[in-house]
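Enquirer: Here you go, this is data_20.cif (mmCIF, N, CA and C atoms).
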```
data_final
#
loop_
_atom_site.label_atom_id
_atom_site.label_comp_id
_atom_site.auth_asym_id
_atom_site.auth_seq_id
_atom_site.Cartn_x
_atom_site.Cartn_y
_atom_site.Cartn_z
N MET Q 178 -11.26 30.58 -1.64
CA MET Q 178 -10.61 29.37 -2.08
C MET Q 178 -11.51 28.16 -1.89
N ALA Q 179 -12.78 28.37 -1.74
CA ALA Q 179 -13.69 27.26 -1.57
C ALA Q 179 -13.82 26.49 -2.88
N GLY Q 180 -14.07 25.18 -2.77
CA GLY Q 180 -14.30 24.37 -3.95
C GLY Q 180 -13.06 23.73 -4.53
N THR Q 181 -11.94 23.72 -3.81
CA THR Q 181 -10.73 23.10 -4.36
C THR Q 181 -10.54 21.68 -3.88
N GLY Q 182 -11.33 21.21 -2.95
CA GLY Q 182 -11.17 19.86 -2.43
C GLY Q 182 -11.98 18.85 -3.20
N GLY Q 183 -11.87 17.61 -2.78
CA GLY Q 183 -12.66 16.55 -3.38
C GLY Q 183 -11.92 15.79 -4.46
N ALA Q 184 -12.60 14.81 -5.01
CA ALA Q 184 -12.01 13.96 -6.03
C ALA Q 184 -11.81 14.72 -7.33
N ARG Q 185 -10.75 14.38 -8.02
CA ARG Q 185 -10.46 15.01 -9.31
C ARG Q 185 -10.45 13.94 -10.39
N PRO Q 186 -10.98 14.24 -11.55
CA PRO Q 186 -10.98 13.25 -12.63
C PRO Q 186 -9.55 12.87 -13.03
N GLY Q 187 -9.32 11.60 -13.20
CA GLY Q 187 -8.00 11.13 -13.64
C GLY Q 187 -7.00 10.96 -12.51
N ALA Q 188 -7.38 11.30 -11.28
CA ALA Q 188 -6.47 11.17 -10.15
C ALA Q 188 -6.45 9.72 -9.66
N GLY Q 189 -5.37 9.35 -9.01
CA GLY Q 189 -5.28 8.02 -8.43
C GLY Q 189 -4.50 7.05 -9.30
N ARG Q 190 -4.49 5.81 -8.89
CA ARG Q 190 -3.77 4.77 -9.59
C ARG Q 190 -4.42 4.49 -10.94
N PRO Q 191 -3.59 4.26 -11.97
CA PRO Q 191 -4.17 3.93 -13.28
C PRO Q 191 -4.94 2.61 -13.22
N LYS Q 192 -5.92 2.49 -14.07
CA LYS Q 192 -6.71 1.26 -14.14
C LYS Q 192 -5.84 0.11 -14.62
N LYS Q 193 -6.19 -1.11 -14.22
CA LYS Q 193 -5.42 -2.29 -14.58
C LYS Q 193 -5.35 -2.47 -16.09
N ALA Q 194 -6.44 -2.18 -16.79
CA ALA Q 194 -6.46 -2.33 -18.25
C ALA Q 194 -5.43 -1.39 -18.89
N PHE Q 195 -5.31 -0.16 -18.37
CA PHE Q 195 -4.34 0.79 -18.89
C PHE Q 195 -2.92 0.28 -18.66
N GLU Q 196 -2.67 -0.26 -17.45
CA GLU Q 196 -1.34 -0.80 -17.15
C GLU Q 196 -1.00 -1.96 -18.08
N LEU Q 197 -1.97 -2.81 -18.37
CA LEU Q 197 -1.74 -3.94 -19.28
C LEU Q 197 -1.48 -3.44 -20.70
N ASP Q 198 -2.19 -2.40 -21.12
CA ASP Q 198 -1.96 -1.83 -22.45
C ASP Q 198 -0.54 -1.29 -22.57
N VAL Q 199 -0.09 -0.56 -21.56
CA VAL Q 199 1.26 -0.01 -21.56
C VAL Q 199 2.29 -1.14 -21.58
N ARG Q 200 2.04 -2.19 -20.82
CA ARG Q 200 2.95 -3.35 -20.78
C ARG Q 200 3.03 -4.00 -22.16
N ASN Q 201 1.88 -4.19 -22.79
CA ASN Q 201 1.86 -4.80 -24.12
C ASN Q 201 2.60 -3.95 -25.15
N ILE Q 202 2.44 -2.63 -25.07
CA ILE Q 202 3.16 -1.73 -25.98
C ILE Q 202 4.66 -1.85 -25.76
N ALA Q 203 5.08 -1.91 -24.48
CA ALA Q 203 6.51 -2.03 -24.17
C ALA Q 203 7.06 -3.35 -24.69
N ILE Q 204 6.33 -4.44 -24.52
CA ILE Q 204 6.78 -5.75 -25.00
C ILE Q 204 6.91 -5.74 -26.52
N LYS Q 205 5.92 -5.16 -27.22
CA LYS Q 205 5.99 -5.09 -28.68
C LYS Q 205 7.21 -4.29 -29.14
N ALA Q 206 7.47 -3.16 -28.46
CA ALA Q 206 8.61 -2.32 -28.83
C ALA Q 206 9.93 -3.05 -28.60
N ILE Q 207 10.05 -3.76 -27.48
CA ILE Q 207 11.28 -4.51 -27.20
C ILE Q 207 11.47 -5.62 -28.23
N GLU Q 208 10.40 -6.35 -28.54
CA GLU Q 208 10.51 -7.43 -29.52
C GLU Q 208 10.83 -6.90 -30.91
N GLU Q 209 10.27 -5.74 -31.25
CA GLU Q 209 10.53 -5.15 -32.56
C GLU Q 209 11.98 -4.69 -32.67
N TYR Q 210 12.52 -4.10 -31.61
CA TYR Q 210 13.87 -3.55 -31.65
C TYR Q 210 14.94 -4.62 -31.46
N TYR Q 211 14.73 -5.53 -30.49
CA TYR Q 211 15.75 -6.53 -30.16
C TYR Q 211 15.45 -7.93 -30.70
N GLY Q 212 14.26 -8.16 -31.18
CA GLY Q 212 13.89 -9.47 -31.70
C GLY Q 212 13.12 -10.31 -30.70
N SER Q 213 13.43 -10.17 -29.42
CA SER Q 213 12.71 -10.90 -28.37
C SER Q 213 12.98 -10.23 -27.03
N ILE Q 214 12.16 -10.58 -26.06
CA ILE Q 214 12.37 -10.07 -24.70
C ILE Q 214 13.72 -10.56 -24.17
N HIS Q 215 14.03 -11.81 -24.46
CA HIS Q 215 15.30 -12.39 -24.01
C HIS Q 215 16.48 -11.58 -24.54
N ASN Q 216 16.48 -11.28 -25.82
CA ASN Q 216 17.58 -10.50 -26.40
C ASN Q 216 17.65 -9.09 -25.81
N GLY Q 217 16.50 -8.52 -25.50
CA GLY Q 217 16.47 -7.20 -24.87
C GLY Q 217 17.13 -7.22 -23.50
N PHE Q 218 16.82 -8.26 -22.70
CA PHE Q 218 17.44 -8.37 -21.38
C PHE Q 218 18.93 -8.66 -21.49
N VAL Q 219 19.32 -9.49 -22.44
CA VAL Q 219 20.75 -9.77 -22.64
C VAL Q 219 21.49 -8.48 -23.00
N THR Q 220 20.89 -7.67 -23.85
CA THR Q 220 21.52 -6.40 -24.22
C THR Q 220 21.66 -5.49 -23.00
N LEU Q 221 20.62 -5.44 -22.14
CA LEU Q 221 20.72 -4.64 -20.92
C LEU Q 221 21.82 -5.15 -20.01
N LEU Q 222 21.92 -6.48 -19.87
CA LEU Q 222 22.95 -7.05 -19.00
C LEU Q 222 24.35 -6.81 -19.56
N ASN Q 223 24.50 -6.77 -20.86
CA ASN Q 223 25.81 -6.54 -21.47
C ASN Q 223 26.18 -5.06 -21.51
N SER Q 224 25.29 -4.19 -21.09
CA SER Q 224 25.54 -2.75 -21.18
C SER Q 224 26.53 -2.25 -20.13
N LYS Q 225 26.82 -3.05 -19.13
CA LYS Q 225 27.74 -2.69 -18.03
C LYS Q 225 27.23 -1.52 -17.18
N GLU Q 226 25.97 -1.20 -17.31
CA GLU Q 226 25.36 -0.16 -16.48
C GLU Q 226 24.79 -0.82 -15.22
N PRO Q 227 25.27 -0.46 -14.04
CA PRO Q 227 24.80 -1.11 -12.81
C PRO Q 227 23.29 -1.00 -12.60
N THR Q 228 22.70 0.15 -12.92
CA THR Q 228 21.26 0.30 -12.70
C THR Q 228 20.44 -0.59 -13.64
N LEU Q 229 20.92 -0.77 -14.87
CA LEU Q 229 20.20 -1.64 -15.81
C LEU Q 229 20.35 -3.10 -15.41
N ILE Q 230 21.53 -3.47 -14.93
CA ILE Q 230 21.74 -4.85 -14.47
C ILE Q 230 20.86 -5.13 -13.25
N LYS Q 231 20.80 -4.18 -12.34
CA LYS Q 231 19.93 -4.32 -11.16
C LYS Q 231 18.47 -4.45 -11.59
N PHE Q 232 18.06 -3.65 -12.57
CA PHE Q 232 16.69 -3.72 -13.10
C PHE Q 232 16.39 -5.12 -13.62
N CYS Q 233 17.33 -5.70 -14.40
CA CYS Q 233 17.12 -7.04 -14.96
C CYS Q 233 17.00 -8.08 -13.86
N TRP Q 234 17.88 -8.01 -12.88
CA TRP Q 234 17.84 -8.99 -11.79
C TRP Q 234 16.55 -8.87 -10.99
N GLU Q 235 16.14 -7.65 -10.68
CA GLU Q 235 14.92 -7.48 -9.88
C GLU Q 235 13.68 -7.95 -10.62
N HIS Q 236 13.64 -7.77 -11.94
CA HIS Q 236 12.48 -8.21 -12.70
C HIS Q 236 12.54 -9.69 -13.05
N GLY Q 237 13.74 -10.22 -13.18
CA GLY Q 237 13.87 -11.63 -13.53
C GLY Q 237 13.79 -12.56 -12.35
N VAL Q 238 14.47 -12.20 -11.27
CA VAL Q 238 14.57 -13.08 -10.11
C VAL Q 238 13.68 -12.60 -8.97
N GLY Q 239 13.46 -11.32 -8.89
CA GLY Q 239 12.68 -10.76 -7.80
C GLY Q 239 13.58 -9.93 -6.90
N LYS Q 240 12.99 -8.95 -6.31
CA LYS Q 240 13.76 -8.07 -5.42
C LYS Q 240 14.02 -8.80 -4.11
N PRO Q 241 15.26 -8.76 -3.62
CA PRO Q 241 15.54 -9.44 -2.35
C PRO Q 241 14.85 -8.73 -1.18
N THR Q 242 14.59 -9.50 -0.13
CA THR Q 242 13.95 -8.91 1.03
C THR Q 242 14.96 -8.04 1.77
N ASP Q 243 14.48 -6.95 2.31
CA ASP Q 243 15.33 -6.04 3.07
C ASP Q 243 15.38 -6.49 4.52
N MET Q 244 16.59 -6.60 5.06
CA MET Q 244 16.75 -6.94 6.46
C MET Q 244 16.89 -5.64 7.25
N ILE Q 245 16.06 -5.48 8.25
CA ILE Q 245 16.07 -4.28 9.07
C ILE Q 245 16.35 -4.70 10.52
N GLN Q 246 17.37 -4.11 11.10
CA GLN Q 246 17.66 -4.36 12.50
C GLN Q 246 17.08 -3.22 13.32
N MET Q 247 16.32 -3.61 14.35
CA MET Q 247 15.66 -2.60 15.17
C MET Q 247 15.94 -2.89 16.64
N ASN Q 248 16.04 -1.84 17.40
CA ASN Q 248 16.15 -1.95 18.84
C ASN Q 248 14.88 -1.36 19.42
N VAL Q 249 14.05 -2.22 20.01
CA VAL Q 249 12.76 -1.75 20.50
C VAL Q 249 12.72 -1.60 22.01
N GLU Q 250 13.86 -1.62 22.64
CA GLU Q 250 13.89 -1.42 24.09
C GLU Q 250 13.73 0.07 24.37
N GLN Q 251 12.66 0.40 25.04
CA GLN Q 251 12.37 1.80 25.35
C GLN Q 251 11.77 1.88 26.75
N ASP Q 252 11.88 3.03 27.33
CA ASP Q 252 11.19 3.29 28.59
C ASP Q 252 9.74 3.63 28.27
N ILE Q 253 8.84 2.96 28.96
CA ILE Q 253 7.42 3.24 28.75
C ILE Q 253 6.99 4.23 29.82
N LYS Q 254 6.50 5.35 29.37
CA LYS Q 254 6.09 6.39 30.30
C LYS Q 254 4.64 6.16 30.69
N THR Q 255 4.38 6.25 31.97
CA THR Q 255 3.02 6.10 32.45
C THR Q 255 2.43 7.48 32.69
N PHE Q 256 1.14 7.56 32.63
CA PHE Q 256 0.47 8.82 32.89
C PHE Q 256 -0.83 8.55 33.62
N GLN Q 257 -1.31 9.55 34.31
CA GLN Q 257 -2.51 9.42 35.10
C GLN Q 257 -3.71 9.94 34.30
N VAL Q 258 -4.78 9.16 34.29
CA VAL Q 258 -6.01 9.57 33.61
C VAL Q 258 -6.90 10.26 34.65
N ILE Q 259 -7.32 11.45 34.34
CA ILE Q 259 -8.15 12.22 35.26
C ILE Q 259 -9.59 12.16 34.78
N GLN Q 260 -10.48 11.73 35.65
CA GLN Q 260 -11.91 11.68 35.32
C GLN Q 260 -12.50 13.08 35.53
N LEU Q 261 -13.02 13.66 34.46
CA LEU Q 261 -13.63 14.98 34.56
C LEU Q 261 -15.02 14.85 35.18
N PRO Q 262 -15.46 15.85 35.89
CA PRO Q 262 -16.80 15.79 36.49
C PRO Q 262 -17.87 15.86 35.40
N ASP Q 263 -18.99 15.21 35.66
CA ASP Q 263 -20.11 15.23 34.71
C ASP Q 263 -20.78 16.59 34.82
N ASN Q 264 -20.70 17.36 33.77
CA ASN Q 264 -21.31 18.69 33.78
C ASN Q 264 -22.58 18.75 32.93
N GLY Q 265 -23.12 17.57 32.59
CA GLY Q 265 -24.36 17.53 31.83
C GLY Q 265 -24.18 17.67 30.33
N ARG Q 266 -22.95 17.62 29.86
CA ARG Q 266 -22.70 17.83 28.42
C ARG Q 266 -23.21 16.67 27.57
N ASP Q 267 -23.40 15.49 28.18
CA ASP Q 267 -23.85 14.33 27.41
C ASP Q 267 -25.32 14.00 27.66
N ASN Q 268 -26.06 14.88 28.28
CA ASN Q 268 -27.46 14.59 28.61
C ASN Q 268 -28.34 14.45 27.37
N PHE Q 269 -27.97 15.04 26.25
CA PHE Q 269 -28.80 14.98 25.05
C PHE Q 269 -28.69 13.63 24.35
N ILE Q 270 -27.74 12.80 24.73
CA ILE Q 270 -27.56 11.49 24.11
C ILE Q 270 -28.47 10.49 24.82
N GLU Q 271 -29.31 9.81 24.04
CA GLU Q 271 -30.21 8.84 24.63
C GLU Q 271 -29.45 7.54 24.88
N PRO Q 272 -29.66 6.93 26.04
CA PRO Q 272 -28.97 5.67 26.30
C PRO Q 272 -29.48 4.56 25.40
N ILE Q 273 -28.62 3.64 25.05
CA ILE Q 273 -28.98 2.51 24.20
C ILE Q 273 -29.44 1.37 25.09
N GLU Q 274 -30.61 0.84 24.77
CA GLU Q 274 -31.15 -0.27 25.55
C GLU Q 274 -30.39 -1.55 25.19
N PRO Q 275 -29.99 -2.33 26.18
CA PRO Q 275 -29.30 -3.59 25.86
C PRO Q 275 -30.26 -4.58 25.19
N ILE Q 276 -29.72 -5.40 24.31
CA ILE Q 276 -30.51 -6.38 23.58
C ILE Q 276 -30.73 -7.58 24.49
N ASP Q 277 -31.98 -7.97 24.63
CA ASP Q 277 -32.32 -9.13 25.46
C ASP Q 277 -32.33 -10.36 24.55
N GLU Q 278 -31.30 -11.18 24.65
CA GLU Q 278 -31.17 -12.35 23.78
C GLU Q 278 -31.83 -13.58 24.36
N THR Q 279 -32.45 -13.47 25.57
CA THR Q 279 -33.08 -14.63 26.18
C THR Q 279 -34.45 -14.88 25.59
N ASN Q 280 -35.10 -13.89 25.00
CA ASN Q 280 -36.44 -14.07 24.42
C ASN Q 280 -36.32 -14.85 23.11
N GLU Q 281 -37.28 -15.73 22.91
CA GLU Q 281 -37.33 -16.49 21.67
C GLU Q 281 -37.95 -15.61 20.59
N PRO Q 282 -37.50 -15.78 19.34
CA PRO Q 282 -38.07 -14.95 18.26
C PRO Q 282 -39.55 -15.24 18.07
N ILE Q 283 -40.29 -14.21 17.70
CA ILE Q 283 -41.73 -14.34 17.46
C ILE Q 283 -41.94 -14.91 16.08
N ALA Q 284 -42.74 -15.98 15.98
CA ALA Q 284 -42.96 -16.63 14.69
C ALA Q 284 -44.22 -16.17 14.04
#
```
Here is a file; write its structure as structure tokens.
Expert:
Amino acid sequence: MAGTGGARPGAGRPKKAFELDVRNIAIKAIEEYYGSIHNGFVTLLNSKEPTLIKFCWEHGVGKPTDMIQMNVEQDIKTFQVIQLPDNGRDNFIEPIEPIDETNEPIA
């Protein structure tokens, strides 16, 4: 099953130009069928369908902010950190020399 990972062509969010093209097509279709965007929204609002009315309000006025009530009072559990003995496992790592910022740059 090797070779199934990695990026795939066409995956991910559509490009902004594609989204604008789809939007323009939708606007043209609404204007062609209803005469204008305004008439299209009025027709949706008069349909008595709650989901369509909600759609109109959210796109016209904006989606209201969601209020979330949270209780963040919790017991914080403490734990002990145990220092393991140095068994030489990090000896292959070279120490980094600190930068001496007191020297003036060489001109």
Enquirer: Which value, in Å to one decimal, gives the distance between atom CA of Q:Gly239 and atom C of Q:Ala188?
Expert: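 About the pair atom CA of Q:Gly239 and atom C of Q:Ala188: they are 28.1 Å apart.
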Enquirer: How many Å separate atom CA of Q:Gly189 from atom CA of Q:Gly237?
Expert: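 Separating atom CA of Q:Gly189 from atom CA of Q:Gly237 is a distance of 27.9 Å.
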Enquirer: Take atom N of Q:Arg200 and atom N of Q:Phe232 and report the distance between them in Å, one decimal.
Expert: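 If I compute the distance from atom N of Q:Arg200 to atom N of Q:Phe232, I get 18.1 Å.
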Enquirer: Taking all atoms of stretch 223-240 of chain Q that the file lists, what box with edges along x, y and z, padded by 5 Å per side, do you get, with centre and edge lengths in Å to one decimal, as JSON?
Expert:
```
{"center_x": 20.1, "center_y": -6.4, "center_z": -12.8, "size_x": 25.3, "size_y": 23.4, "size_z": 27.4}
```
Enquirer: Looking only at alpha helix (DSSP H) from DSSP on the backbone, list the matching residues of stretch 190-270 of chain Q as a PDB file with N, CA and C atoms, keeping the file's coordinate frame.
Expert:
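In the end it all went to states.pdb:
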```pdb
ATOM      1  N   LYS Q 193      -6.190  -1.110 -14.220  1.00  0.00           N
ATOM      2  CA  LYS Q 193      -5.420  -2.290 -14.580  1.00  0.00           C
ATOM      3  C   LYS Q 193      -5.350  -2.470 -16.090  1.00  0.00           C
ATOM      4  N   ALA Q 194      -6.440  -2.180 -16.790  1.00  0.00           N
ATOM      5  CA  ALA Q 194      -6.460  -2.330 -18.250  1.00  0.00           C
ATOM      6  C   ALA Q 194      -5.430  -1.390 -18.890  1.00  0.00           C
ATOM      7  N   PHE Q 195      -5.310  -0.160 -18.370  1.00  0.00           N
ATOM      8  CA  PHE Q 195      -4.340   0.790 -18.890  1.00  0.00           C
ATOM      9  C   PHE Q 195      -2.920   0.280 -18.660  1.00  0.00           C
ATOM     10  N   GLU Q 196      -2.670  -0.260 -17.450  1.00  0.00           N
ATOM     11  CA  GLU Q 196      -1.340  -0.800 -17.150  1.00  0.00           C
ATOM     12  C   GLU Q 196      -1.000  -1.960 -18.080  1.00  0.00           C
ATOM     13  N   LEU Q 197      -1.970  -2.810 -18.370  1.00  0.00           N
ATOM     14  CA  LEU Q 197      -1.740  -3.940 -19.280  1.00  0.00           C
ATOM     15  C   LEU Q 197      -1.480  -3.440 -20.700  1.00  0.00           C
ATOM     16  N   ASP Q 198      -2.190  -2.400 -21.120  1.00  0.00           N
ATOM     17  CA  ASP Q 198      -1.960  -1.830 -22.450  1.00  0.00           C
ATOM     18  C   ASP Q 198      -0.540  -1.290 -22.570  1.00  0.00           C
ATOM     19  N   VAL Q 199      -0.090  -0.560 -21.560  1.00  0.00           N
ATOM     20  CA  VAL Q 199       1.260  -0.010 -21.560  1.00  0.00           C
ATOM     21  C   VAL Q 199       2.290  -1.140 -21.580  1.00  0.00           C
ATOM     22  N   ARG Q 200       2.040  -2.190 -20.820  1.00  0.00           N
ATOM     23  CA  ARG Q 200       2.950  -3.350 -20.780  1.00  0.00           C
ATOM     24  C   ARG Q 200       3.030  -4.000 -22.160  1.00  0.00           C
ATOM     25  N   ASN Q 201       1.880  -4.190 -22.790  1.00  0.00           N
ATOM     26  CA  ASN Q 201       1.860  -4.800 -24.120  1.00  0.00           C
ATOM     27  C   ASN Q 201       2.600  -3.950 -25.150  1.00  0.00           C
ATOM     28  N   ILE Q 202       2.440  -2.630 -25.070  1.00  0.00           N
ATOM     29  CA  ILE Q 202       3.160  -1.730 -25.980  1.00  0.00           C
ATOM     30  C   ILE Q 202       4.660  -1.850 -25.760  1.00  0.00           C
ATOM     31  N   ALA Q 203       5.080  -1.910 -24.480  1.00  0.00           N
ATOM     32  CA  ALA Q 203       6.510  -2.030 -24.170  1.00  0.00           C
ATOM     33  C   ALA Q 203       7.060  -3.350 -24.690  1.00  0.00           C
ATOM     34  N   ILE Q 204       6.330  -4.440 -24.520  1.00  0.00           N
ATOM     35  CA  ILE Q 204       6.780  -5.750 -25.000  1.00  0.00           C
ATOM     36  C   ILE Q 204       6.910  -5.740 -26.520  1.00  0.00           C
ATOM     37  N   LYS Q 205       5.920  -5.160 -27.220  1.00  0.00           N
ATOM     38  CA  LYS Q 205       5.990  -5.090 -28.680  1.00  0.00           C
ATOM     39  C   LYS Q 205       7.210  -4.290 -29.140  1.00  0.00           C
ATOM     40  N   ALA Q 206       7.470  -3.160 -28.460  1.00  0.00           N
ATOM     41  CA  ALA Q 206       8.610  -2.320 -28.830  1.00  0.00           C
ATOM     42  C   ALA Q 206       9.930  -3.050 -28.600  1.00  0.00           C
ATOM     43  N   ILE Q 207      10.050  -3.760 -27.480  1.00  0.00           N
ATOM     44  CA  ILE Q 207      11.280  -4.510 -27.200  1.00  0.00           C
ATOM     45  C   ILE Q 207      11.470  -5.620 -28.230  1.00  0.00           C
ATOM     46  N   GLU Q 208      10.400  -6.350 -28.540  1.00  0.00           N
ATOM     47  CA  GLU Q 208      10.510  -7.430 -29.520  1.00  0.00           C
ATOM     48  C   GLU Q 208      10.830  -6.900 -30.910  1.00  0.00           C
ATOM     49  N   GLU Q 209      10.270  -5.740 -31.250  1.00  0.00           N
ATOM     50  CA  GLU Q 209      10.530  -5.150 -32.560  1.00  0.00           C
ATOM     51  C   GLU Q 209      11.980  -4.690 -32.670  1.00  0.00           C
ATOM     52  N   TYR Q 210      12.520  -4.100 -31.610  1.00  0.00           N
ATOM     53  CA  TYR Q 210      13.870  -3.550 -31.650  1.00  0.00           C
ATOM     54  C   TYR Q 210      14.940  -4.620 -31.460  1.00  0.00           C
ATOM     55  N   TYR Q 211      14.730  -5.530 -30.490  1.00  0.00           N
ATOM     56  CA  TYR Q 211      15.750  -6.530 -30.160  1.00  0.00           C
ATOM     57  C   TYR Q 211      15.450  -7.930 -30.700  1.00  0.00           C
ATOM     58  N   ILE Q 214      12.160 -10.580 -26.060  1.00  0.00           N
ATOM     59  CA  ILE Q 214      12.370 -10.070 -24.700  1.00  0.00           C
ATOM     60  C   ILE Q 214      13.720 -10.560 -24.170  1.00  0.00           C
ATOM     61  N   HIS Q 215      14.030 -11.810 -24.460  1.00  0.00           N
ATOM     62  CA  HIS Q 215      15.300 -12.390 -24.010  1.00  0.00           C
ATOM     63  C   HIS Q 215      16.480 -11.580 -24.540  1.00  0.00           C
ATOM     64  N   ASN Q 216      16.480 -11.280 -25.820  1.00  0.00           N
ATOM     65  CA  ASN Q 216      17.580 -10.500 -26.400  1.00  0.00           C
ATOM     66  C   ASN Q 216      17.650  -9.090 -25.810  1.00  0.00           C
ATOM     67  N   GLY Q 217      16.500  -8.520 -25.500  1.00  0.00           N
ATOM     68  CA  GLY Q 217      16.470  -7.200 -24.870  1.00  0.00           C
ATOM     69  C   GLY Q 217      17.130  -7.220 -23.500  1.00  0.00           C
ATOM     70  N   PHE Q 218      16.820  -8.260 -22.700  1.00  0.00           N
ATOM     71  CA  PHE Q 218      17.440  -8.370 -21.380  1.00  0.00           C
ATOM     72  C   PHE Q 218      18.930  -8.660 -21.490  1.00  0.00           C
ATOM     73  N   VAL Q 219      19.320  -9.490 -22.440  1.00  0.00           N
ATOM     74  CA  VAL Q 219      20.750  -9.770 -22.640  1.00  0.00           C
ATOM     75  C   VAL Q 219      21.490  -8.480 -23.000  1.00  0.00           C
ATOM     76  N   THR Q 220      20.890  -7.670 -23.850  1.00  0.00           N
ATOM     77  CA  THR Q 220      21.520  -6.400 -24.220  1.00  0.00           C
ATOM     78  C   THR Q 220      21.660  -5.490 -23.000  1.00  0.00           C
ATOM     79  N   LEU Q 221      20.620  -5.440 -22.140  1.00  0.00           N
ATOM     80  CA  LEU Q 221      20.720  -4.640 -20.920  1.00  0.00           C
ATOM     81  C   LEU Q 221      21.820  -5.150 -20.010  1.00  0.00           C
ATOM     82  N   LEU Q 222      21.920  -6.480 -19.870  1.00  0.00           N
ATOM     83  CA  LEU Q 222      22.950  -7.050 -19.000  1.00  0.00           C
ATOM     84  C   LEU Q 222      24.350  -6.810 -19.560  1.00  0.00           C
ATOM     85  N   PRO Q 227      25.270  -0.460 -14.040  1.00  0.00           N
ATOM     86  CA  PRO Q 227      24.800  -1.110 -12.810  1.00  0.00           C
ATOM     87  C   PRO Q 227      23.290  -1.000 -12.600  1.00  0.00           C
ATOM     88  N   THR Q 228      22.700   0.150 -12.920  1.00  0.00           N
ATOM     89  CA  THR Q 228      21.260   0.300 -12.700  1.00  0.00           C
ATOM     90  C   THR Q 228      20.440  -0.590 -13.640  1.00  0.00           C
ATOM     91  N   LEU Q 229      20.920  -0.770 -14.870  1.00  0.00           N
ATOM     92  CA  LEU Q 229      20.200  -1.640 -15.810  1.00  0.00           C
ATOM     93  C   LEU Q 229      20.350  -3.100 -15.410  1.00  0.00           C
ATOM     94  N   ILE Q 230      21.530  -3.470 -14.930  1.00  0.00           N
ATOM     95  CA  ILE Q 230      21.740  -4.850 -14.470  1.00  0.00           C
ATOM     96  C   ILE Q 230      20.860  -5.130 -13.250  1.00  0.00           C
ATOM     97  N   LYS Q 231      20.800  -4.180 -12.340  1.00  0.00           N
ATOM     98  CA  LYS Q 231      19.930  -4.320 -11.160  1.00  0.00           C
ATOM     99  C   LYS Q 231      18.470  -4.450 -11.590  1.00  0.00           C
ATOM    100  N   PHE Q 232      18.060  -3.650 -12.570  1.00  0.00           N
ATOM    101  CA  PHE Q 232      16.690  -3.720 -13.100  1.00  0.00           C
ATOM    102  C   PHE Q 232      16.390  -5.120 -13.620  1.00  0.00           C
ATOM    103  N   CYS Q 233      17.330  -5.700 -14.400  1.00  0.00           N
ATOM    104  CA  CYS Q 233      17.120  -7.040 -14.960  1.00  0.00           C
ATOM    105  C   CYS Q 233      17.000  -8.080 -13.860  1.00  0.00           C
ATOM    106  N   TRP Q 234      17.880  -8.010 -12.880  1.00  0.00           N
ATOM    107  CA  TRP Q 234      17.840  -8.990 -11.790  1.00  0.00           C
ATOM    108  C   TRP Q 234      16.550  -8.870 -10.990  1.00  0.00           C
ATOM    109  N   GLU Q 235      16.140  -7.650 -10.680  1.00  0.00           N
ATOM    110  CA  GLU Q 235      14.920  -7.480  -9.880  1.00  0.00           C
ATOM    111  C   GLU Q 235      13.680  -7.950 -10.620  1.00  0.00           C
ATOM    112  N   HIS Q 236      13.640  -7.770 -11.940  1.00  0.00           N
ATOM    113  CA  HIS Q 236      12.480  -8.210 -12.700  1.00  0.00           C
ATOM    114  C   HIS Q 236      12.540  -9.690 -13.050  1.00  0.00           C
ATOM    115  N   GLY Q 237      13.740 -10.220 -13.180  1.00  0.00           N
ATOM    116  CA  GLY Q 237      13.870 -11.630 -13.530  1.00  0.00           C
ATOM    117  C   GLY Q 237      13.790 -12.560 -12.350  1.00  0.00           C
TER     118      GLY Q 237
END
```
